[in-house]
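To be precise, the following lines are input_39.txt, and they hold compact mmCIF, C-alpha atoms.
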```txt
# COMPACT_ATOMS: atom_id res chain seq x y z
CA MET A 25 0.00 0.00 0.00
CA GLU A 26 1.23 3.52 -0.83
CA PRO A 27 2.39 5.55 2.22
CA GLN A 28 -0.27 8.20 1.51
CA THR A 29 -3.00 5.56 1.42
CA ILE A 30 -1.92 4.05 4.76
CA ILE A 31 -1.95 7.51 6.36
CA ALA A 32 -5.30 8.57 4.91
CA ARG A 33 -7.01 5.26 5.74
CA ARG A 34 -5.79 5.35 9.33
CA ILE A 35 -6.94 8.95 9.85
CA ALA A 36 -10.35 8.19 8.31
CA ARG A 37 -10.96 5.95 11.34
CA GLU A 38 -10.78 9.01 13.62
CA LEU A 39 -13.90 10.55 12.07
CA THR A 40 -17.21 10.05 13.85
CA PRO A 41 -20.79 10.95 12.82
CA GLY A 42 -21.72 14.61 12.88
CA MET A 43 -18.17 15.96 13.15
CA LEU A 44 -17.20 19.28 11.56
CA VAL A 45 -13.86 18.59 9.85
CA ASN A 46 -11.39 20.71 7.87
CA LEU A 47 -8.95 18.84 5.64
CA GLY A 48 -5.77 20.56 4.45
CA ILE A 49 -4.19 20.24 1.02
CA GLY A 50 -2.22 17.10 0.06
CA ILE A 51 -2.47 13.82 2.00
CA PRO A 52 -5.25 15.26 4.28
CA THR A 53 -7.55 15.66 1.25
CA LEU A 54 -7.31 11.89 0.63
CA VAL A 55 -8.93 11.14 4.00
CA ALA A 56 -12.37 11.88 2.52
CA ASN A 57 -11.90 8.95 0.09
CA PHE A 58 -11.75 6.38 2.90
CA LEU A 59 -14.78 7.19 5.04
CA PRO A 60 -16.97 4.24 5.97
CA ALA A 61 -20.08 4.17 3.74
CA GLY A 62 -22.96 6.12 5.25
CA LEU A 63 -20.84 8.03 7.80
CA GLN A 64 -22.15 11.58 7.84
CA VAL A 65 -19.53 14.22 8.59
CA PHE A 66 -19.46 17.89 7.63
CA PHE A 67 -16.39 18.95 5.67
CA GLN A 68 -15.52 22.64 5.85
CA SER A 69 -13.61 24.54 3.18
CA GLU A 70 -12.27 27.68 4.83
CA ASN A 71 -13.14 29.80 1.80
CA GLY A 72 -16.72 29.63 3.07
CA LEU A 73 -18.43 26.25 2.71
CA ILE A 74 -19.69 23.48 4.99
CA GLY A 75 -20.85 20.36 3.18
CA THR A 76 -18.00 20.18 0.68
CA GLY A 77 -18.53 17.21 -1.64
CA ALA A 78 -16.42 15.36 -4.19
CA PRO A 79 -15.18 17.13 -7.33
CA PRO A 80 -17.97 17.48 -9.93
CA GLU A 81 -18.18 15.35 -13.02
CA GLU A 82 -16.52 16.78 -16.09
CA GLY A 83 -18.50 19.66 -17.54
CA MET A 84 -20.47 20.21 -14.31
CA ALA A 85 -18.08 22.55 -12.44
CA HIS A 86 -19.55 25.78 -11.07
CA PRO A 87 -17.06 28.70 -11.13
CA MET A 88 -18.35 29.96 -7.77
CA LEU A 89 -18.23 26.63 -5.91
CA THR A 90 -14.63 25.82 -5.05
CA ASP A 91 -12.44 24.53 -2.25
CA ALA A 92 -9.66 26.42 -0.47
CA ALA A 93 -7.24 25.60 -3.28
CA GLY A 94 -9.64 27.13 -5.81
CA ARG A 95 -10.58 23.75 -7.30
CA PRO A 96 -14.19 23.00 -8.26
CA VAL A 97 -16.14 20.95 -5.71
CA THR A 98 -19.76 19.99 -5.16
CA ALA A 99 -21.98 20.90 -2.23
CA LEU A 100 -23.82 18.06 -0.48
CA PRO A 101 -27.49 18.34 0.52
CA GLY A 102 -27.54 20.35 3.74
CA ALA A 103 -24.51 22.44 2.77
CA SER A 104 -24.14 26.07 3.81
CA THR A 105 -22.03 28.99 2.62
CA PHE A 106 -20.81 32.03 4.53
CA ASP A 107 -18.21 34.80 4.50
CA SER A 108 -14.59 34.46 5.63
CA ALA A 109 -15.21 36.07 9.05
CA THR A 110 -17.80 33.40 9.87
CA SER A 111 -15.54 30.70 8.41
CA PHE A 112 -12.66 31.63 10.71
CA GLY A 113 -15.05 32.22 13.59
CA LEU A 114 -15.96 28.54 13.18
CA ILE A 115 -12.27 27.62 13.22
CA ARG A 116 -11.02 29.91 15.97
CA GLY A 117 -14.17 29.87 18.07
CA GLY A 118 -13.96 26.21 19.05
CA HIS A 119 -16.66 24.96 16.66
CA LEU A 120 -14.36 22.86 14.47
CA ASP A 121 -14.07 19.30 15.82
CA LEU A 122 -11.04 18.24 13.81
CA THR A 123 -8.48 19.53 11.37
CA VAL A 124 -6.09 17.29 9.44
CA LEU A 125 -3.01 19.10 8.15
CA GLY A 126 0.21 18.28 6.38
CA GLY A 127 3.51 18.79 8.19
CA LEU A 128 7.14 19.62 7.52
CA GLN A 129 8.33 18.90 11.08
CA VAL A 130 6.82 17.99 14.45
CA ASP A 131 8.93 18.31 17.61
CA GLN A 132 8.91 15.88 20.52
CA ALA A 133 6.41 17.97 22.46
CA GLY A 134 4.02 17.95 19.47
CA ARG A 135 4.62 21.42 18.05
CA LEU A 136 4.06 21.58 14.30
CA ALA A 137 5.98 23.47 11.62
CA ASN A 138 4.18 23.42 8.30
CA TRP A 139 4.06 26.85 6.73
CA MET A 140 7.48 28.00 5.58
CA ILE A 141 11.10 27.14 4.84
CA PRO A 142 13.07 30.38 5.32
CA ASP A 143 14.66 31.66 2.10
CA LYS A 144 13.22 28.70 0.14
CA MET A 145 9.46 28.48 0.45
CA VAL A 146 7.53 31.47 1.78
CA PRO A 147 3.96 30.88 0.64
CA GLY A 148 2.23 32.53 3.60
CA MET A 149 0.45 30.73 6.39
CA GLY A 150 -3.04 31.00 4.91
CA GLY A 151 -5.41 29.40 7.42
CA ALA A 152 -2.86 27.05 9.03
CA MET A 153 -2.13 29.09 12.17
CA ASP A 154 -5.83 29.63 12.90
CA LEU A 155 -6.59 25.93 12.31
CA VAL A 156 -3.87 24.67 14.66
CA THR A 157 -4.72 27.28 17.29
CA GLY A 158 -8.49 26.88 17.15
CA ALA A 159 -9.54 23.35 16.20
CA LYS A 160 -10.63 21.07 19.04
CA ARG A 161 -8.39 18.32 17.69
CA VAL A 162 -5.40 18.56 15.34
CA ILE A 163 -4.05 15.56 13.42
CA VAL A 164 -0.91 15.82 11.30
CA ALA A 165 -0.79 13.63 8.19
CA MET A 166 2.71 13.30 6.80
CA GLN A 167 5.32 10.82 5.62
CA HIS A 168 7.65 9.79 8.43
CA THR A 169 10.82 11.06 6.76
CA ALA A 170 11.71 13.37 3.87
CA LYS A 171 14.58 12.22 1.62
CA GLY A 172 15.85 10.09 4.51
CA ALA A 173 15.77 12.95 7.04
CA ALA A 174 13.63 12.62 10.17
CA LYS A 175 10.56 14.90 10.31
CA ILE A 176 9.70 14.04 13.91
CA VAL A 177 12.54 15.91 15.58
CA LYS A 178 13.80 17.00 19.01
CA THR A 179 13.31 20.68 18.20
CA CYS A 180 11.78 22.19 15.06
CA THR A 181 14.42 23.95 12.98
CA LEU A 182 11.63 25.48 10.87
CA PRO A 183 9.29 28.22 12.17
CA VAL A 184 6.40 26.71 14.12
CA THR A 185 2.76 27.18 13.12
CA SER A 186 1.49 27.42 16.70
CA THR A 187 2.77 26.73 20.22
CA ARG A 188 -0.20 24.42 20.76
CA ALA A 189 0.76 20.73 20.67
CA VAL A 190 -1.00 18.65 18.04
CA ASP A 191 -3.05 15.67 19.21
CA LEU A 192 -1.88 12.99 16.83
CA VAL A 193 0.71 12.45 14.12
CA VAL A 194 -0.06 9.71 11.60
CA THR A 195 2.66 8.51 9.23
CA GLU A 196 3.06 5.33 7.15
CA LEU A 197 5.23 3.99 10.00
CA ALA A 198 3.47 5.12 13.15
CA VAL A 199 0.71 6.79 15.11
CA ILE A 200 2.21 9.11 17.71
CA ALA A 201 0.53 11.15 20.46
CA PHE A 202 1.98 13.65 22.95
CA PRO A 203 0.60 12.98 26.45
CA ASP A 204 2.27 15.28 29.02
CA GLY A 205 4.42 16.76 26.25
CA CYS A 206 6.19 13.43 25.46
CA ALA A 207 6.11 11.86 21.99
CA THR A 208 4.61 8.40 22.57
CA LEU A 209 4.26 5.57 20.07
CA LEU A 210 0.64 4.36 20.00
CA GLU A 211 0.63 2.15 16.89
CA THR A 212 3.03 0.97 14.23
CA GLY A 213 2.45 0.83 10.47
CA PRO A 214 1.74 -2.46 8.65
CA GLY A 215 4.72 -4.82 9.12
CA ILE A 216 6.77 -2.19 10.98
CA SER A 217 8.46 -2.80 14.36
CA PRO A 218 8.77 -0.19 17.13
CA ALA A 219 12.56 -0.34 16.66
CA GLN A 220 12.16 0.63 12.99
CA VAL A 221 9.99 3.60 14.00
CA ALA A 222 12.54 4.70 16.60
CA ALA A 223 15.34 4.47 14.03
CA ALA A 224 13.45 6.81 11.67
CA THR A 225 12.60 9.28 14.44
CA GLU A 226 14.94 11.94 15.85
CA ALA A 227 12.69 12.87 18.78
CA GLU A 228 12.90 10.97 22.06
CA LEU A 229 10.09 8.45 21.62
CA GLU A 230 8.30 6.75 24.53
CA ILE A 231 7.67 3.15 23.50
CA PRO A 232 5.20 1.25 25.70
CA PRO A 233 5.78 -2.52 26.23
CA HIS A 234 3.06 -3.52 23.79
CA VAL A 235 2.44 -1.42 20.67
CA PRO A 236 -0.32 -2.67 18.35
CA GLU A 237 -0.16 -2.47 14.57
CA MET A 238 -2.54 0.11 13.09
CA ALA A 239 -5.86 -1.27 11.88
CA LEU A 240 -6.80 -0.05 8.41
CA MET B 16 -24.96 55.34 -5.04
CA ARG B 17 -23.96 56.10 -8.61
CA THR B 18 -24.00 53.76 -11.57
CA ARG B 19 -21.16 54.51 -13.96
CA SER B 20 -19.41 52.87 -16.87
CA LEU B 21 -16.44 50.67 -16.04
CA ALA B 22 -13.91 53.20 -17.38
CA HIS B 23 -15.48 56.15 -15.51
CA THR B 24 -15.65 54.19 -12.25
CA VAL B 25 -12.03 53.06 -12.33
CA ALA B 26 -10.98 56.63 -13.23
CA VAL B 27 -11.88 57.73 -9.67
CA ILE B 28 -9.04 55.53 -8.29
CA PRO B 29 -5.81 57.58 -8.02
CA ASP B 30 -2.31 56.16 -8.38
CA GLY B 31 -0.99 55.13 -4.97
CA ALA B 32 -4.44 54.21 -3.64
CA SER B 33 -5.04 51.40 -1.14
CA LEU B 34 -7.46 48.75 -2.41
CA MET B 35 -9.24 45.94 -0.62
CA ILE B 36 -10.09 43.38 -3.28
CA GLY B 37 -12.54 40.55 -2.67
CA GLY B 38 -11.98 36.97 -3.78
CA PHE B 39 -10.29 33.72 -2.86
CA MET B 40 -8.02 32.31 -5.55
CA ALA B 41 -9.83 34.67 -7.96
CA VAL B 42 -13.25 33.19 -7.08
CA GLY B 43 -15.36 36.25 -6.21
CA THR B 44 -12.77 38.71 -7.53
CA PRO B 45 -14.11 41.55 -9.73
CA GLU B 46 -12.18 40.64 -12.88
CA ARG B 47 -13.68 43.45 -14.99
CA ILE B 48 -12.49 46.08 -12.52
CA ILE B 49 -9.03 44.47 -12.35
CA ASP B 50 -8.76 44.42 -16.15
CA GLU B 51 -9.68 48.12 -16.31
CA ILE B 52 -7.15 49.05 -13.61
CA VAL B 53 -4.50 47.32 -15.72
CA ARG B 54 -5.72 49.13 -18.85
CA GLN B 55 -5.61 52.52 -17.09
CA LYS B 56 -2.22 51.60 -15.55
CA LYS B 57 -3.09 52.66 -12.00
CA HIS B 58 0.19 52.13 -10.21
CA ASP B 59 1.95 52.11 -6.82
CA LEU B 60 -1.12 50.44 -5.36
CA THR B 61 -1.42 48.93 -1.91
CA VAL B 62 -3.52 45.78 -2.15
CA ILE B 63 -5.22 44.08 0.78
CA ALA B 64 -6.60 40.67 -0.22
CA ASN B 65 -6.59 37.05 0.83
CA ASP B 66 -4.20 36.01 -1.95
CA THR B 67 -2.94 37.02 -5.39
CA ALA B 68 -4.45 34.01 -7.20
CA MET B 69 -2.04 32.99 -9.95
CA PRO B 70 -0.38 34.75 -12.88
CA GLY B 71 -2.97 35.91 -15.41
CA LYS B 72 -5.90 35.48 -13.02
CA GLY B 73 -7.65 37.90 -10.64
CA ILE B 74 -5.24 39.97 -8.56
CA GLY B 75 -2.40 38.09 -10.28
CA LYS B 76 -2.98 40.41 -13.27
CA LEU B 77 -2.13 43.47 -11.14
CA VAL B 78 1.05 41.73 -9.95
CA ASP B 79 1.96 40.70 -13.54
CA ALA B 80 1.62 44.35 -14.63
CA LYS B 81 3.82 45.49 -11.68
CA LEU B 82 1.15 47.88 -10.44
CA VAL B 83 1.33 46.77 -6.79
CA ARG B 84 3.86 48.34 -4.42
CA LYS B 85 2.63 46.80 -1.18
CA LEU B 86 0.59 43.69 -0.50
CA ILE B 87 -1.13 42.51 2.68
CA ALA B 88 -2.31 38.91 2.19
CA SER B 89 -2.49 35.50 3.86
CA HIS B 90 -1.24 33.29 1.06
CA ILE B 91 0.87 33.80 -2.08
CA GLY B 92 2.00 30.18 -2.51
CA LEU B 93 0.18 29.61 -5.80
CA ASN B 94 1.57 32.74 -7.45
CA PRO B 95 5.29 32.37 -8.27
CA GLU B 96 5.40 35.89 -9.77
CA THR B 97 4.30 37.45 -6.45
CA GLN B 98 7.01 35.44 -4.68
CA ARG B 99 9.58 36.48 -7.28
CA GLN B 100 8.79 40.19 -6.90
CA MET B 101 8.85 39.83 -3.10
CA THR B 102 12.26 38.09 -3.14
CA ALA B 103 13.63 40.66 -5.61
CA GLY B 104 12.54 43.48 -3.29
CA GLU B 105 10.14 44.95 -5.89
CA LEU B 106 7.03 44.22 -3.85
CA ALA B 107 6.64 44.66 -0.07
CA VAL B 108 4.58 41.78 1.31
CA GLU B 109 3.02 41.51 4.77
CA LEU B 110 1.80 37.95 5.39
CA VAL B 111 -1.04 37.67 7.89
CA PRO B 112 -2.90 34.56 9.12
CA GLN B 113 -6.14 34.34 7.17
CA GLY B 114 -8.42 34.48 10.19
CA THR B 115 -6.49 37.47 11.52
CA LEU B 116 -6.64 39.24 8.16
CA ILE B 117 -10.40 38.97 7.86
CA GLU B 118 -10.88 40.08 11.49
CA ARG B 119 -8.58 43.10 11.02
CA ILE B 120 -10.72 44.09 8.04
CA ARG B 121 -13.93 43.44 9.96
CA ALA B 122 -12.63 45.57 12.83
CA GLY B 123 -11.82 48.37 10.39
CA GLY B 124 -15.33 48.29 8.99
CA HIS B 125 -17.04 48.06 12.36
CA GLY B 126 -15.34 50.97 14.07
CA LEU B 127 -13.01 48.91 16.25
CA GLY B 128 -9.34 49.66 16.87
CA GLY B 129 -8.32 46.05 16.42
CA VAL B 130 -8.89 42.55 17.73
CA LEU B 131 -7.29 40.21 20.26
CA THR B 132 -6.51 36.79 18.81
CA PRO B 133 -4.63 33.73 20.12
CA THR B 134 -3.55 32.91 16.55
CA GLY B 135 0.16 33.53 15.98
CA ILE B 136 1.26 33.65 19.64
CA GLY B 137 4.80 32.25 19.86
CA THR B 138 5.31 32.32 16.07
CA LEU B 139 6.91 34.69 13.55
CA ALA B 140 3.45 36.27 13.12
CA ALA B 141 3.79 37.75 16.62
CA LYS B 142 6.93 39.74 15.76
CA GLY B 143 6.67 43.34 16.91
CA LYS B 144 3.13 42.93 18.20
CA GLN B 145 1.78 43.69 21.63
CA ILE B 146 0.65 40.72 23.76
CA ILE B 147 -2.33 41.35 26.02
CA ALA B 148 -3.44 38.90 28.73
CA VAL B 149 -7.18 38.61 29.31
CA GLU B 150 -8.39 36.36 32.13
CA GLY B 151 -5.05 34.56 32.18
CA LYS B 152 -4.79 33.86 28.45
CA ASP B 153 -2.40 35.63 26.05
CA TYR B 154 -3.65 37.27 22.87
CA LEU B 155 -1.98 39.26 20.10
CA LEU B 156 -3.26 42.77 19.53
CA GLU B 157 -3.96 42.95 15.80
CA THR B 158 -4.80 46.40 14.54
CA ALA B 159 -7.73 47.28 12.29
CA LEU B 160 -7.33 47.64 8.52
CA ARG B 161 -9.12 50.15 6.32
CA ALA B 162 -8.58 51.14 2.70
CA ASP B 163 -9.35 53.96 0.27
CA PHE B 164 -11.40 51.62 -1.95
CA ALA B 165 -13.08 48.23 -1.67
CA LEU B 166 -13.48 46.40 -4.99
CA VAL B 167 -16.35 44.00 -4.49
CA GLN B 168 -17.84 41.27 -6.67
CA ALA B 169 -21.51 40.54 -5.95
CA PHE B 170 -23.82 37.98 -7.55
CA LEU B 171 -26.96 40.15 -7.54
CA ALA B 172 -27.15 43.93 -7.18
CA ASP B 173 -30.37 45.91 -7.34
CA TYR B 174 -30.60 49.44 -8.77
CA LEU B 175 -30.05 50.92 -5.29
CA GLY B 176 -26.92 48.87 -4.61
CA ASN B 177 -28.28 46.15 -2.31
CA LEU B 178 -26.05 43.11 -2.77
CA SER B 179 -26.16 39.36 -2.40
CA TYR B 180 -23.40 36.87 -3.10
CA ALA B 181 -23.07 33.36 -4.57
CA LEU B 182 -21.68 30.25 -2.86
CA THR B 183 -17.92 30.49 -2.22
CA ALA B 184 -17.63 33.76 -4.18
CA ARG B 185 -18.78 35.57 -1.02
CA ASN B 186 -15.57 35.11 1.05
CA PHE B 187 -13.94 38.53 1.82
CA ASN B 188 -16.38 40.65 -0.23
CA PRO B 189 -19.10 41.68 2.26
CA VAL B 190 -16.52 42.27 5.02
CA MET B 191 -14.39 44.50 2.79
CA ALA B 192 -17.47 46.44 1.66
CA MET B 193 -17.71 47.78 5.22
CA ALA B 194 -14.04 48.78 5.55
CA ALA B 195 -13.28 51.26 2.76
CA LYS B 196 -13.96 54.95 2.16
CA THR B 197 -15.31 54.23 -1.32
CA VAL B 198 -17.00 50.97 -2.28
CA ILE B 199 -17.01 49.94 -5.96
CA VAL B 200 -19.16 46.97 -6.92
CA SER B 201 -19.28 44.79 -9.99
CA ALA B 202 -22.20 42.33 -10.11
CA ASP B 203 -22.93 39.22 -12.16
CA HIS B 204 -26.54 40.40 -12.48
CA ILE B 205 -28.08 43.84 -11.99
CA MET B 206 -31.77 43.49 -11.08
CA PRO B 207 -34.62 45.97 -10.62
CA THR B 208 -35.06 47.20 -7.07
CA GLY B 209 -37.51 44.95 -5.24
CA VAL B 210 -36.40 41.71 -6.85
CA LEU B 211 -33.98 40.99 -4.00
CA PRO B 212 -35.95 40.07 -0.83
CA PRO B 213 -34.75 42.03 2.24
CA ASP B 214 -33.68 38.82 4.01
CA GLN B 215 -31.33 38.00 1.14
CA VAL B 216 -29.52 41.34 1.17
CA VAL B 217 -26.06 40.75 2.65
CA THR B 218 -24.58 44.18 1.92
CA PRO B 219 -27.10 47.01 2.35
CA ALA B 220 -27.30 49.68 -0.36
CA PRO B 221 -26.23 52.76 1.64
CA ILE B 222 -22.63 51.56 1.97
CA VAL B 223 -22.17 51.09 -1.80
CA ASP B 224 -20.78 54.13 -3.68
CA TYR B 225 -20.42 52.93 -7.28
CA LEU B 226 -22.10 50.13 -9.19
CA VAL B 227 -20.30 49.33 -12.44
CA ALA B 228 -22.81 49.35 -15.29
CA ASN B 229 -23.15 46.45 -17.70
CA SER B 230 -21.13 47.01 -20.84
```

Would you kindly transcribe this structure into C-alpha cells?
Amino acid sequence: MEPQTIIARRIARELTPGMLVNLGIGIPTLVANFLPAGLQVFFQSENGLIGTGAPPEEGMAHPMLTDAAGRPVTALPGASTFDSATSFGLIRGGHLDLTVLGGLQVDQAGRLANWMIPDKMVPGMGGAMDLVTGAKRVIVAMQHTAKGAAKIVKTCTLPVTSTRAVDLVVTELAVIAFPDGCATLLETGPGISPAQVAAATEAELEIPPHVPEMAL
Amino acid sequence: MRTRSLAHTVAVIPDGASLMIGGFMAVGTPERIIDEIVRQKKHDLTVIANDTAMPGKGIGKLVDAKLVRKLIASHIGLNPETQRQMTAGELAVELVPQGTLIERIRAGGHGLGGVLTPTGIGTLAAKGKQIIAVEGKDYLLETALRADFALVQAFLADYLGNLSYALTARNFNPVMAMAAKTVIVSADHIMPTGVLPPDQVVTPAPIVDYLVANS
C-alpha cells in the first residue's frame, strides 16, 4: 500500500458521525476517500463552505463553488455557505471538531511546523495558524521522513505554526501522540516494528511494552 | 450610489491608492475592474486581499503588470510571480494569518481599533506585536485595517446597490465592503429594485458608492 493511502485510511478511522472537519491540502484531502459508507460528517472549506462534496463530473463545475485551493467541488445536501469572518469564527471559536493538516516537522512535544522554509518556500500561512490554534483536535498527516531525514525531531528547525501541541501524528510507519508533552508511540504501520519507528525518528520516543499495529 | 461605466468608475481611483479586493483564488474577484485598472495603468497600489491568485488570473494580473507596491495577504504560494517580486525586493509583502486578516478588516469596517486573537502567539506572526493577557490567556493585539477603496464582486445587485453573493464567491467581499472609504461593486446580475428580498440582502445599499454598469 502507498504511504499516503496508509496515512489517509488510518486517519479516516478518527472521524465520527456529525463531526465538523477541515482537511488541508495534500495527503489530508485523501482522508475523505476512505470514510466508511454512510458516515455523515461535515467537511468545511475555509473559503466559506460546509458540506463540501467530491469534485464534480466533467463539464459540471460551477465557477463559484470551489475549495480552499480554488478547485471545483460539489456541495452536499444540507450544505451552507458564509463569508470568511464566519468561516474563521468557526475555526477559531472552538466549533471545528477536527483539522487534518500536512507537516514539515513535528517536535517531541508535538509542536508543528508546516508553513514555511526560510529563504526557500515562503507561501504565507493562509489558514494554518488559525486551524492549529483553534480546532478542538489537530491531526498531522505526513510521511515519516523526507529524503531520509527525520521529520519528527527533538526541536523544530523550521518556524512553528502554533505553540499548541497537536493531538496525533499519523505517518506510514506510526501513530504518535503527545501525552504530558512526550512523543509516545501508539501504533506501528503495517509490518513495521517499534525499533524501525525509533530508528526513523529523531525525537525521544516513549515506546510502551506492547504497541499494536494500526488497523486499516 | 452612482452607476457609472467601467472606465469612468475606475478613473476615480488615483495612483498610490489602497485597495481591498474581494476573492479567494480569484473566485469572487471583480475581474472586470481588475482588467480596467491594468488598462488605465493605476500604479503604486497597496492591495489588501486574501491572496494574489495565480499569474494571469484575478489579482495576479495586477502583480503581472507590476502595479502593486505593497501587499497585505495571507497566502501567495500559488503565485510564483508574487514570490519572485517579493524576493527581488520589488514588492513589499506583509503575510497575515487568514483568520487574523479577515478580522482586522472586519474591525476596520465596524469601528473597532483592532482585535485580540490567540492565533500567531509564539510564532513569527507575533513579531513586533503587543501581547495582552485577558483572564489569564495571552492574545496578540492585531490592529484594524481600512482602505481607500473596496473592490467588491456581488452575484446580484439591485438598482439601489443592495447586494447578495453566490456560494464560495462571497468570502472577503461583504466584510471589505464595510471597511473602505469608497465601495465599488461589480455584479454578475443587476436586477430591478424589489427583486432581491430584504432577508437575502447581505450588503445594504447605503454603503455602496459605485455600481459598475453592464457594458

**Request:** Compile the residues of chain B that lie within 6 Å of chain A, evaluated using only C-alpha atoms, and express the compilation as a list in words.
**Result:** Met40, Ser89, His90, Ile91, Gly92, Leu110, Pro112, Gln113, Gly114, Ile117, Thr134, Gly137, Leu182, Thr183, Ala184, Arg185, Asn186 and Phe187 of chain B

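Shortest separation to A:Val65 among A:Leu39, A:Ile30, A:Leu100, A:Leu182 occurs at residue A:Leu39, atoms counted being all atoms listed in the file.
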
**Request:** Tell me which of B:Val149, B:Ala162, B:Ala141, B:Ile87 sits closest to B:Lys196, counting all atoms listed in the file.
**Result:**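 Using all atoms listed in the file, B:Lys196 sits closest to B:Ala162.
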
**Near-B:Gly129 list (6 Å; only C-alpha atoms; drop same-chain fewer than 6 positions) as a list in words** =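 The residues satisfying every condition are Ala122, Glu157, Thr158 and Ala159 of chain B.
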
**Message:** Show me the residues close to (-8.4, 14.2, 6.2) - anything with an atom within 7 Å, counting all atoms listed in the file - and format the list as an MDAnalysis selection string.
**Reply:** chainID A and resid 32 35:36 47 52:56 124

**Request:** Measuring atom to atom with all atoms listed in the file, identify which of B:Asp214, B:Asp163, B:Asp224, B:Asp59 is nearest to B:Ala195.
**Result:**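 Of B:Asp214, B:Asp163, B:Asp224, B:Asp59, the one nearest B:Ala195, counting all atoms listed in the file, is B:Asp163.
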
**Pick from B:Leu139, B:Leu156, B:Met35, B:Val111, whichever lies nearest to B:Thr197 using only C-alpha atoms** = B:Met35

**Residue nearest B:Gly37 - candidates B:Val216, B:Ile205, B:Met69, B:Ile74, atoms counted: all atoms listed in the file** =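 Checking each of B:Val216, B:Ile205, B:Met69, B:Ile74 against B:Gly37, counting all atoms listed in the file, the winner is B:Ile74.
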
**Request:** Kindly give the distance, in Å, that separates atom CA of B:Ser20 and atom CA of B:Phe164, rounded to a single decimal.
**Result:**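 A separation of 17.0 Å between them.
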
**Request:** Figure out the distance between atom CA of B:Pro221 and atom CA of B:Arg17, please, to one decimal in Å.
**Result:**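 Computed distance, atom CA of B:Arg17 to atom CA of B:Pro221, equals 11.0 Å.
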
Which centre and which edge lengths, in Å to one decimal, describe the axis-aligned box that holds all listed atoms of stretch 192-198 of chain B after 4 Å is added on each side, as lines of an AutoDock Vina configuration file?
```
center_x = -15.5
center_y = 50.7
center_z = 1.6
size_x = 12.4
size_y = 16.5
size_z = 15.8
```

**Request:** Between A:Gly126, A:Pro142, A:Pro236, A:Gly102, single out the one closest to A:Ile49, counting only C-alpha atoms.
**Result:**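 The shortest atom-to-atom distance to A:Ile49 comes from A:Gly126.
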
**Request:** Using all atoms listed in the file, determine which residues lie at most 7 Å from stretch 104-109 of chain B, disregarding the query and same-chain residues fewer than 5 positions distant; provide the list as a count of residues only.
**Result:** 6

**Message:** At a cut-off of 8 Å, using only C-alpha atoms, what residues contact A:Val190? Leave out same-chain residues fewer than 4 positions from it and give the result as a PyMOL selection string.
**Reply:** chain A and resi 134-136+156+161-164+202

**Message:** Just want the 9 Å neighbourhood of A:Pro60, counted on only C-alpha atoms, with same-chain residues fewer than 2 positions away dropped. Output as a ChimeraX atom specification.
**Reply:** /A:36-37,58,62-63

**Request:** Would you list the residues near (12.5, 20.2, 10.1), meaning any protein, DNA or RNA residue with an atom at most 7 Å from that point in file coordinates, counting only C-alpha atoms, as a PyMOL selection string?
**Result:** chain A and resi 128-129+175+177+180-182

**Test item: residues at most 12 Å from B:Ala148, all atoms listed in the file, excluding those fewer than 6 positions along its chain, as a list in words** =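 So, after excluding close chain neighbours, the residues are Leu131, Thr132, Pro133, Ile136, Tyr154, Leu155 and Leu156 of chain B.
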
Coordinates of stretch 37-68 of chain A, C-alpha atoms, as a PDB file, in the first residue's frame:
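Once everything was written out, this is out-v4.pdb:
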```pdb
ATOM      1  CA  ARG A  37     -10.960   5.953  11.338  1.00  0.00           C
ATOM      2  CA  GLU A  38     -10.778   9.013  13.616  1.00  0.00           C
ATOM      3  CA  LEU A  39     -13.900  10.555  12.066  1.00  0.00           C
ATOM      4  CA  THR A  40     -17.211  10.047  13.846  1.00  0.00           C
ATOM      5  CA  PRO A  41     -20.787  10.949  12.820  1.00  0.00           C
ATOM      6  CA  GLY A  42     -21.725  14.613  12.881  1.00  0.00           C
ATOM      7  CA  MET A  43     -18.169  15.964  13.155  1.00  0.00           C
ATOM      8  CA  LEU A  44     -17.204  19.282  11.557  1.00  0.00           C
ATOM      9  CA  VAL A  45     -13.856  18.592   9.852  1.00  0.00           C
ATOM     10  CA  ASN A  46     -11.391  20.710   7.874  1.00  0.00           C
ATOM     11  CA  LEU A  47      -8.946  18.842   5.636  1.00  0.00           C
ATOM     12  CA  GLY A  48      -5.775  20.563   4.455  1.00  0.00           C
ATOM     13  CA  ILE A  49      -4.193  20.236   1.021  1.00  0.00           C
ATOM     14  CA  GLY A  50      -2.216  17.101   0.063  1.00  0.00           C
ATOM     15  CA  ILE A  51      -2.474  13.823   1.997  1.00  0.00           C
ATOM     16  CA  PRO A  52      -5.248  15.256   4.276  1.00  0.00           C
ATOM     17  CA  THR A  53      -7.547  15.661   1.253  1.00  0.00           C
ATOM     18  CA  LEU A  54      -7.306  11.887   0.632  1.00  0.00           C
ATOM     19  CA  VAL A  55      -8.928  11.143   4.005  1.00  0.00           C
ATOM     20  CA  ALA A  56     -12.367  11.877   2.522  1.00  0.00           C
ATOM     21  CA  ASN A  57     -11.901   8.949   0.089  1.00  0.00           C
ATOM     22  CA  PHE A  58     -11.746   6.377   2.900  1.00  0.00           C
ATOM     23  CA  LEU A  59     -14.779   7.192   5.037  1.00  0.00           C
ATOM     24  CA  PRO A  60     -16.971   4.239   5.966  1.00  0.00           C
ATOM     25  CA  ALA A  61     -20.077   4.174   3.739  1.00  0.00           C
ATOM     26  CA  GLY A  62     -22.957   6.117   5.254  1.00  0.00           C
ATOM     27  CA  LEU A  63     -20.839   8.030   7.799  1.00  0.00           C
ATOM     28  CA  GLN A  64     -22.152  11.575   7.836  1.00  0.00           C
ATOM     29  CA  VAL A  65     -19.534  14.221   8.592  1.00  0.00           C
ATOM     30  CA  PHE A  66     -19.465  17.893   7.632  1.00  0.00           C
ATOM     31  CA  PHE A  67     -16.395  18.952   5.674  1.00  0.00           C
ATOM     32  CA  GLN A  68     -15.523  22.639   5.846  1.00  0.00           C
TER      33      GLN A  68
END
```
